[in-house]
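Some notes on the structure that comes next.
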Amino acid sequence: MNQKYILAIIIILLAAIGGFIWFQMDNTATAPTDNQPTTQNQQQENPIIDIQLEPVAKTFEVIYTDAGYSPSTLTIKAGDTVMFKNQSSGNMWIASGMHPTHMVYNGTDLQSHCPDAENDDFDQCANGAPQTSWNFTFTKAGTWGYHNHTNSPKFGKIIVE
Ligand SMILES: [Cu+2]
């Protein structure tokens, strides 16, 4: 009776110790392999995240109607492009201030920079018919007033940060 009792306790203890060792081995075997790829992944993912956080050039729209430009003031980053869409009933010739010389953006007047083959003088240099658009990529930081050269009281502003 006593011996059976002791034997039962020994068996239970062995089972408990065995189970504990099994559990520990299982933990030490799986825990590091579970953790290591996670830290490796984080290290590998960081450069990808950094690339995604780099500024990406965007394209914005300015709609020109008979009422004027919308938005009339637009803030963008250097390298961004603005698409000026002519939804008015007349022609649209986007040009840097000041009318009539258009010298503010690049320092030359329209007689010397038109036609703007490189498209870097902020001057459309032509009449754009209704339902056409004209794109310009701003590379210089500053506040750039513009107007419709064929209807100069219609003006707007692009702020390049
Ligand atoms: Cu003008």
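Residue names in the structure tokens use chain letters A, B, ... in the order shown, residue numbers from 1 in each chain, and ligand numbers from 1 in the order shown.
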Would you mind listing the residues within 12 Å of ligand 1, counting only C-alpha atoms and all ligand atoms, as a CSV table (one decimal) with N, CA and C atoms, in the first residue's frame?
chain,number,residue,atom,x,y,z
A,92,MET,N,-6.6,80.0,-73.1
A,92,MET,CA,-5.8,80.1,-71.9
A,92,MET,C,-4.4,80.1,-72.2
A,93,TRP,N,-3.6,81.1,-71.8
A,93,TRP,CA,-2.2,81.2,-72.0
A,93,TRP,C,-1.6,81.4,-70.6
A,94,ILE,N,-1.2,80.4,-70.0
A,94,ILE,CA,-0.7,80.5,-68.6
A,94,ILE,C,0.7,81.2,-68.7
A,95,ALA,N,1.0,82.2,-68.0
A,95,ALA,CA,2.3,82.8,-68.0
A,95,ALA,C,2.6,83.4,-66.6
A,96,SER,N,3.9,83.3,-66.3
A,96,SER,CA,4.5,83.9,-65.1
A,96,SER,C,4.2,85.4,-65.1
A,97,GLY,N,4.1,86.0,-63.9
A,97,GLY,CA,4.1,87.4,-63.8
A,97,GLY,C,5.4,88.0,-64.3
A,98,MET,N,5.5,89.3,-64.6
A,98,MET,CA,4.3,90.2,-64.7
A,98,MET,C,3.9,90.3,-66.2
A,99,HIS,N,2.6,90.5,-66.4
A,99,HIS,CA,2.2,90.9,-67.7
A,99,HIS,C,2.7,92.3,-68.1
A,100,PRO,N,3.2,92.5,-69.3
A,100,PRO,CA,3.2,91.5,-70.4
A,100,PRO,C,4.6,90.9,-70.6
A,101,THR,N,5.5,91.0,-69.7
A,101,THR,CA,6.9,90.5,-70.0
A,101,THR,C,7.2,89.1,-69.5
A,102,HIS,N,6.5,88.6,-68.5
A,102,HIS,CA,6.6,87.2,-68.0
A,102,HIS,C,8.0,86.9,-67.5
A,103,MET,N,8.7,87.9,-66.8
A,103,MET,CA,10.1,87.7,-66.4
A,103,MET,C,10.2,87.1,-65.0
A,104,VAL,N,9.2,87.1,-64.2
A,104,VAL,CA,9.4,86.8,-62.8
A,104,VAL,C,10.0,85.4,-62.5
A,109,ASP,N,12.3,87.7,-70.8
A,109,ASP,CA,10.9,88.1,-71.2
A,109,ASP,C,10.4,87.1,-72.3
A,110,LEU,N,9.2,87.2,-72.6
A,110,LEU,CA,8.6,86.2,-73.5
A,110,LEU,C,9.2,86.2,-74.9
A,111,GLN,N,9.6,87.4,-75.3
A,111,GLN,CA,10.2,87.5,-76.7
A,111,GLN,C,11.5,86.6,-76.7
A,122,PHE,N,8.0,78.7,-67.2
A,122,PHE,CA,6.7,79.0,-66.7
A,122,PHE,C,5.9,80.0,-67.6
A,123,ASP,N,5.9,79.6,-68.9
A,123,ASP,CA,5.2,80.4,-69.9
A,123,ASP,C,4.7,79.4,-70.9
A,124,GLN,N,3.4,79.4,-71.1
A,124,GLN,CA,2.8,78.4,-72.0
A,124,GLN,C,3.2,78.8,-73.5
A,125,CYS,N,3.4,80.1,-73.7
A,125,CYS,CA,3.9,80.6,-75.0
A,125,CYS,C,2.9,80.3,-76.1
A,126,ALA,N,1.7,80.0,-75.8
A,126,ALA,CA,0.7,79.8,-76.9
A,126,ALA,C,-0.7,79.9,-76.3
A,127,ASN,N,-1.6,80.1,-77.2
A,127,ASN,CA,-3.0,80.1,-76.8
A,127,ASN,C,-3.5,78.7,-76.7
A,145,GLY,N,3.4,84.2,-59.0
A,145,GLY,CA,2.1,84.6,-59.6
A,145,GLY,C,2.1,84.3,-61.1
A,146,TYR,N,0.9,84.1,-61.6
A,146,TYR,CA,0.7,83.8,-63.0
A,146,TYR,C,-0.6,84.5,-63.5
A,147,HIS,N,-0.8,84.5,-64.7
A,147,HIS,CA,-2.0,85.1,-65.3
A,147,HIS,C,-2.3,84.4,-66.6
A,148,ASN,N,-3.5,84.8,-67.2
A,148,ASN,CA,-3.8,84.3,-68.5
A,148,ASN,C,-3.4,85.5,-69.5
A,149,HIS,N,-2.4,85.2,-70.3
A,149,HIS,CA,-1.8,86.3,-71.1
A,149,HIS,C,-2.9,86.8,-72.1
A,150,THR,N,-3.8,86.0,-72.5
A,150,THR,CA,-4.9,86.5,-73.4
A,150,THR,C,-6.0,87.2,-72.6
A,151,ASN,N,-6.0,87.1,-71.3
A,151,ASN,CA,-7.0,87.7,-70.4
A,151,ASN,C,-6.4,88.0,-69.1
A,152,SER,N,-5.5,89.1,-69.1
A,152,SER,CA,-4.5,89.2,-68.0
A,152,SER,C,-5.1,89.6,-66.7
A,153,PRO,N,-6.3,90.1,-66.6
A,153,PRO,CA,-6.9,90.2,-65.2
A,153,PRO,C,-7.1,88.9,-64.5
A,154,LYS,N,-7.1,87.8,-65.2
A,154,LYS,CA,-7.3,86.5,-64.5
A,154,LYS,C,-6.0,86.0,-64.0
A,155,PHE,N,-5.7,86.1,-62.7
A,155,PHE,CA,-4.4,85.6,-62.2
A,155,PHE,C,-4.6,84.7,-61.0
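Among A:Asp121, A:Gly79, A:Ala129, A:Ala67, the residue with the shortest atom-to-atom distance to Asn91 (chain A), counting only C-alpha atoms, is A:Ala129.
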query: Of the residues A:Lys4, A:Lys140, A:Lys85, A:His113, which is the one nearest to Pro71 (chain A), using only C-alpha atoms?
result: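 Of all the options, A:Lys85 lies closest to Pro71 (chain A).
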query: Could you work out how far CA of Gln131 (chain A) lies from CA of Val160 (chain A), giving the answer in Å with one decimal?
result: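 Pair CA of Val160 (chain A) / CA of Gln131 (chain A) returns 26.1 Å.
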message: Can you tell me which residues surround Asp120 (chain A) at a distance of at most 8 Å, considering only C-alpha atoms, apart from same-chain residues fewer than 3 positions away, and format the answer as a ChimeraX atom specification?
response: /A:116,123,136-138
task: Write out as number ranges by chain each polymer residue whose atoms come within 8 Å of Asp66 (chain A), counting only C-alpha atoms; drop sequence neighbours fewer than 4 positions from it.
output: A: 87-90
- request: Check the smallest atom-to-atom distance from each of A:Thr143, A:Asn106, A:Asn119, A:Ser133 to Val62 (chain A) using only C-alpha atoms, then report the winner.
  value: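 Closest to Val62 (chain A), using only C-alpha atoms: A:Ser133.
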query: CA of Lys77 (chain A) and CA of Ala117 (chain A) are how many Å apart?
result: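 According to the coordinates, CA of Lys77 (chain A) and CA of Ala117 (chain A) are separated by 23.2 Å.
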task: Figure out the distance between CA of Pro130 (chain A) and CA of Gly142 (chain A), please, to one decimal in Å.
output: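 Separation of CA of Gly142 (chain A) and CA of Pro130 (chain A): 28.9 Å.
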- prompt: A:Thr81, A:Ser70, A:Thr65, A:Ser112: which is nearest Thr132 (chain A), counting only C-alpha atoms?
  reply: A:Thr65
- prompt: With only C-alpha atoms as the atoms that count, which of A:Ile63, A:Ile159, A:Ile76, A:Cys114 lies nearest to Trp134 (chain A)?
  reply: A:Ile63
Top pick for closest residue to Leu74 (chain A), considering A:Thr59, A:Thr139, A:Gln3, A:Thr108 and counting only C-alpha atoms: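 Closest to Leu74 (chain A) of all the choices is A:Thr59.
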